[in-house]
Amino acid sequence: MNYFFGFKNNTFQCQLQIPLFQNRNFKKKDYQLFKTFPRNNKWILEELSHHKINEYFYLLNNDDISNDEIYFLAKNTILDEFDFKKLRNFNSFTDTIPEYRSNFKLSLKDGGFSSYQSDYPYSMVSKKGSIVSQLSSIANSKADKNFILFKNIYEKPIQEYFKAYLIDYKMKKIEQEFLIKTNHTNLIQLNNNLIRPEMFLVTDKYLGIPIYISEQNKHLSIEHTHPLHIYILSNDKYSKVTNLKNEMHEIINKKIC
């Protein structure tokens, strides 16, 4: 299944549209939209049926969205089956090929907008680990501003801080570090001088989805990097990625020590 998320701050306006049909099957299903968020070491569950705009879509506008919330489709039985201590796989409805997509729209006040998906697969929710994402393949050093939205969803209802780093792989050093939070949509503003081929975003301890935003002349572009093994064509691509991650963590551990 997929979870979905939005983002809210004083710079961007967000709108999240979630369909009630599959990409190869337009038959309506008996699913409703719910949200959950962590509070006092429990997942709080709320129904969002009043945000159904027609028989095919749910729509959440900026004022309906919180950075701590995640959204998902489920049947009404979820009200009796929900586990307040651990996120579960609530449906197979969003397990589709091609991928089931929501529409995540960000816009600037008095400016343009861009849309992307905010799908967070359940397969990532129960895992810890690290993300290694190359900056210059997506971020635009010539843009007015560059940001990374980093969303983490973890199965337990906890909110704790962990670190993300901008690492210069060529010089083997950390250029910048950030505190980001679990079960939260985090925003990192990038220094354009650091958007170079040798620069990587690396997280320590938790997984997440990094979404890159470039702003130029009041217009936006949104994209995310793919897992590193997608860019490697050799048969040993997974071992190459593992070796790279190990090198990144050696750089981090050297700094900590």
# chains A, B, ... in the order shown; residues from 1 in each chain; ligands from 1
call {"tool": "residues_around", "arguments": {"residues": "segment 176-185 of chain A", "least_positions_apart": "3", "cutoff": "8 Å", "atoms": "only C-alpha atoms", "output": "list in words"}}
result
Phe5, Gly6, Phe7, Phe37, Pro38, Asn67, Asp68, Glu69, Leu149, Phe150, Lys151, Asn152, Ile153, Tyr154, Pro157, Ile158, Gln159, Glu160, Tyr161, Phe162, Lys163, Ala164, Tyr165, Leu166, Ile167, Ile188 and Tyr206 of chain A
call {"tool": "select_by_dssp", "arguments": {"residues": "segment 119-251 of chain A", "states": "helix (DSSP H, G or I)", "output": "PDB file with N, CA and C atoms, in the first residue's frame"}}
result
ATOM      1  N   TYR A 122       4.606   1.319   1.659  1.00  0.00           N
ATOM      2  CA  TYR A 122       4.621   0.657   2.960  1.00  0.00           C
ATOM      3  C   TYR A 122       5.919  -0.116   3.188  1.00  0.00           C
ATOM      4  N   SER A 123       6.546  -0.586   2.135  1.00  0.00           N
ATOM      5  CA  SER A 123       7.784  -1.356   2.277  1.00  0.00           C
ATOM      6  C   SER A 123       8.892  -0.562   2.958  1.00  0.00           C
ATOM      7  N   MET A 124       8.821   0.786   2.914  1.00  0.00           N
ATOM      8  CA  MET A 124       9.831   1.613   3.573  1.00  0.00           C
ATOM      9  C   MET A 124       9.502   1.905   5.034  1.00  0.00           C
ATOM     10  N   VAL A 125       8.241   1.746   5.416  1.00  0.00           N
ATOM     11  CA  VAL A 125       7.770   2.208   6.717  1.00  0.00           C
ATOM     12  C   VAL A 125       8.381   1.421   7.875  1.00  0.00           C
ATOM     13  N   ASN A 192      23.357  27.155  -2.985  1.00  0.00           N
ATOM     14  CA  ASN A 192      23.612  26.835  -4.391  1.00  0.00           C
ATOM     15  C   ASN A 192      25.067  26.496  -4.670  1.00  0.00           C
ATOM     16  N   ASN A 193      25.978  27.026  -3.877  1.00  0.00           N
ATOM     17  CA  ASN A 193      27.404  26.736  -4.078  1.00  0.00           C
ATOM     18  C   ASN A 193      27.746  25.282  -3.779  1.00  0.00           C
ATOM     19  N   LEU A 194      26.850  24.599  -3.065  1.00  0.00           N
ATOM     20  CA  LEU A 194      27.102  23.200  -2.720  1.00  0.00           C
ATOM     21  C   LEU A 194      26.474  22.223  -3.724  1.00  0.00           C
ATOM     22  N   LEU A 228      20.134   4.791  -5.840  1.00  0.00           N
ATOM     23  CA  LEU A 228      21.383   4.856  -6.603  1.00  0.00           C
ATOM     24  C   LEU A 228      21.557   3.696  -7.580  1.00  0.00           C
ATOM     25  N   HIS A 229      21.062   2.512  -7.227  1.00  0.00           N
ATOM     26  CA  HIS A 229      21.288   1.367  -8.116  1.00  0.00           C
ATOM     27  C   HIS A 229      20.578   1.521  -9.462  1.00  0.00           C
ATOM     28  N   ILE A 230      19.583   2.423  -9.539  1.00  0.00           N
ATOM     29  CA  ILE A 230      18.892   2.674 -10.808  1.00  0.00           C
ATOM     30  C   ILE A 230      19.842   3.284 -11.839  1.00  0.00           C
ATOM     31  N   TYR A 231      20.833   4.031 -11.363  1.00  0.00           N
ATOM     32  CA  TYR A 231      21.744   4.732 -12.268  1.00  0.00           C
ATOM     33  C   TYR A 231      22.928   3.864 -12.711  1.00  0.00           C
ATOM     34  N   LYS A 237      25.816  -3.763  -9.291  1.00  0.00           N
ATOM     35  CA  LYS A 237      25.364  -2.432  -8.889  1.00  0.00           C
ATOM     36  C   LYS A 237      24.995  -2.351  -7.403  1.00  0.00           C
ATOM     37  N   TYR A 238      24.441  -3.432  -6.865  1.00  0.00           N
ATOM     38  CA  TYR A 238      24.048  -3.386  -5.455  1.00  0.00           C
ATOM     39  C   TYR A 238      25.271  -3.357  -4.540  1.00  0.00           C
ATOM     40  N   SER A 239      26.295  -4.094  -4.888  1.00  0.00           N
ATOM     41  CA  SER A 239      27.516  -4.063  -4.075  1.00  0.00           C
ATOM     42  C   SER A 239      28.213  -2.708  -4.201  1.00  0.00           C
ATOM     43  N   LYS A 240      28.133  -2.089  -5.384  1.00  0.00           N
ATOM     44  CA  LYS A 240      28.710  -0.758  -5.555  1.00  0.00           C
ATOM     45  C   LYS A 240      28.004   0.252  -4.662  1.00  0.00           C
ATOM     46  N   VAL A 241      26.671   0.173  -4.602  1.00  0.00           N
ATOM     47  CA  VAL A 241      25.910   1.090  -3.754  1.00  0.00           C
ATOM     48  C   VAL A 241      26.235   0.850  -2.289  1.00  0.00           C
ATOM     49  N   THR A 242      26.327  -0.420  -1.896  1.00  0.00           N
ATOM     50  CA  THR A 242      26.685  -0.736  -0.510  1.00  0.00           C
ATOM     51  C   THR A 242      28.054  -0.170  -0.149  1.00  0.00           C
ATOM     52  N   ASN A 243      29.011  -0.315  -1.048  1.00  0.00           N
ATOM     53  CA  ASN A 243      30.354   0.214  -0.794  1.00  0.00           C
ATOM     54  C   ASN A 243      30.332   1.733  -0.661  1.00  0.00           C
ATOM     55  N   LEU A 244      29.535   2.395  -1.510  1.00  0.00           N
ATOM     56  CA  LEU A 244      29.443   3.851  -1.435  1.00  0.00           C
ATOM     57  C   LEU A 244      28.821   4.290  -0.112  1.00  0.00           C
ATOM     58  N   LYS A 245      27.764   3.605   0.297  1.00  0.00           N
ATOM     59  CA  LYS A 245      27.143   3.948   1.577  1.00  0.00           C
ATOM     60  C   LYS A 245      28.109   3.729   2.729  1.00  0.00           C
ATOM     61  N   ASN A 246      28.887   2.660   2.675  1.00  0.00           N
ATOM     62  CA  ASN A 246      29.875   2.411   3.730  1.00  0.00           C
ATOM     63  C   ASN A 246      30.915   3.520   3.785  1.00  0.00           C
ATOM     64  N   GLU A 247      31.330   3.995   2.609  1.00  0.00           N
ATOM     65  CA  GLU A 247      32.289   5.104   2.579  1.00  0.00           C
ATOM     66  C   GLU A 247      31.683   6.370   3.174  1.00  0.00           C
ATOM     67  N   MET A 248      30.424   6.631   2.874  1.00  0.00           N
ATOM     68  CA  MET A 248      29.758   7.810   3.424  1.00  0.00           C
ATOM     69  C   MET A 248      29.681   7.732   4.944  1.00  0.00           C
ATOM     70  N   HIS A 249      29.385   6.546   5.452  1.00  0.00           N
ATOM     71  CA  HIS A 249      29.279   6.404   6.901  1.00  0.00           C
ATOM     72  C   HIS A 249      30.649   6.459   7.576  1.00  0.00           C
ATOM     73  N   GLU A 250      31.691   6.072   6.886  1.00  0.00           N
ATOM     74  CA  GLU A 250      33.024   6.262   7.424  1.00  0.00           C
ATOM     75  C   GLU A 250      33.345   7.742   7.579  1.00  0.00           C
ATOM     76  N   ILE A 251      32.920   8.550   6.615  1.00  0.00           N
ATOM     77  CA  ILE A 251      33.117  10.006   6.697  1.00  0.00           C
ATOM     78  C   ILE A 251      32.349  10.575   7.881  1.00  0.00           C
TER      79      ILE A 251
END
call {"tool": "select_by_dssp", "arguments": {"residues": "segment 14-206 of chain A", "states": "strand (DSSP E or B)", "output": "VMD selection string"}}
result
chain A and resid 14 to 19 22 25 32 to 39 42 to 47 52 57 to 60 70 to 74 103 to 108 113 to 116 119 to 121 128 132 to 134 145 to 152 161 to 168 173 to 181 184 to 190 199 to 203 206
call {"tool": "closest_residue", "arguments": {"among": "A:Leu87, A:Leu207, A:Leu201, A:Pro121", "to": "Trp43 of chain A", "atoms": "only C-alpha atoms"}}
result
A:Leu87
call {"tool": "atom_distance", "arguments": {"atom1": "atom CA of Ala74 of chain A", "atom2": "atom CA of Tyr58 of chain A"}}
result
12.9 Å
call {"tool": "residues_around", "arguments": {"residues": "segment 18-27 of chain A", "least_positions_apart": "6", "cutoff": "10 Å", "atoms": "only C-alpha atoms", "output": "PyMOL selection string"}}
result
chain A and resi 4+33+52+54-60+71-73+93-104+117-118
call {"tool": "closest_residue", "arguments": {"among": "A:His50, A:Asn40, A:Leu108, A:Tyr169", "to": "Asn9 of chain A", "atoms": "only C-alpha atoms"}}
result
A:Leu108
call {"tool": "closest_residue", "arguments": {"among": "A:Lys128, A:Lys35, A:Lys142, A:Lys173", "to": "Ile195 of chain A", "atoms": "only C-alpha atoms"}}
result
A:Lys142
call {"tool": "atom_distance", "arguments": {"atom1": "atom CA of Thr225 of chain A", "atom2": "atom CA of Ser126 of chain A"}}
result
21.2 Å
call {"tool": "residues_around", "arguments": {"residues": "Phe82 of chain A", "least_positions_apart": "6", "cutoff": "10 Å", "atoms": "only C-alpha atoms", "output": "short mmCIF file (atom, residue, chain, number, x, y, z; two decimals) with N, CA, C and O atoms, in the first residue's frame"}}
result
data_model
loop_
_atom_site.label_atom_id
_atom_site.label_comp_id
_atom_site.auth_asym_id
_atom_site.auth_seq_id
_atom_site.Cartn_x
_atom_site.Cartn_y
_atom_site.Cartn_z
N TRP A 43 -0.56 6.40 17.64
CA TRP A 43 -1.07 6.91 16.38
C TRP A 43 -2.51 7.34 16.58
O TRP A 43 -3.34 6.56 17.06
N ILE A 44 -2.81 8.58 16.23
CA ILE A 44 -4.17 9.10 16.31
C ILE A 44 -4.82 8.94 14.92
O ILE A 44 -4.23 9.31 13.91
N LEU A 45 -6.01 8.39 14.90
CA LEU A 45 -6.71 8.12 13.64
C LEU A 45 -7.91 9.04 13.50
O LEU A 45 -8.71 9.19 14.44
N ARG A 88 0.23 -0.42 9.93
CA ARG A 88 0.03 -1.70 9.26
C ARG A 88 -0.24 -1.48 7.77
O ARG A 88 -0.45 -0.36 7.31
N PHE A 90 -2.78 -1.53 5.26
CA PHE A 90 -4.23 -1.48 5.36
C PHE A 90 -4.95 -1.86 4.07
O PHE A 90 -6.17 -2.07 4.11
#
call {"tool": "atom_distance", "arguments": {"atom1": "atom CA of Glu81 of chain A", "atom2": "atom CA of Phe34 of chain A"}}
result
13.3 Å
call {"tool": "closest_residue", "arguments": {"among": "A:Leu106, A:Leu220, A:Ile138, A:Leu233", "to": "Arg196 of chain A", "atoms": "only C-alpha atoms"}}
result
A:Ile138
call {"tool": "closest_residue", "arguments": {"among": "A:Asn91, A:Ile209, A:Lys105, A:Gly129", "to": "Ile148 of chain A", "atoms": "only C-alpha atoms"}}
result
A:Ile209
call {"tool": "closest_residue", "arguments": {"among": "A:Glu175, A:Glu155, A:Glu215, A:Asp64", "to": "Lys86 of chain A", "atoms": "only C-alpha atoms"}}
result
A:Glu155
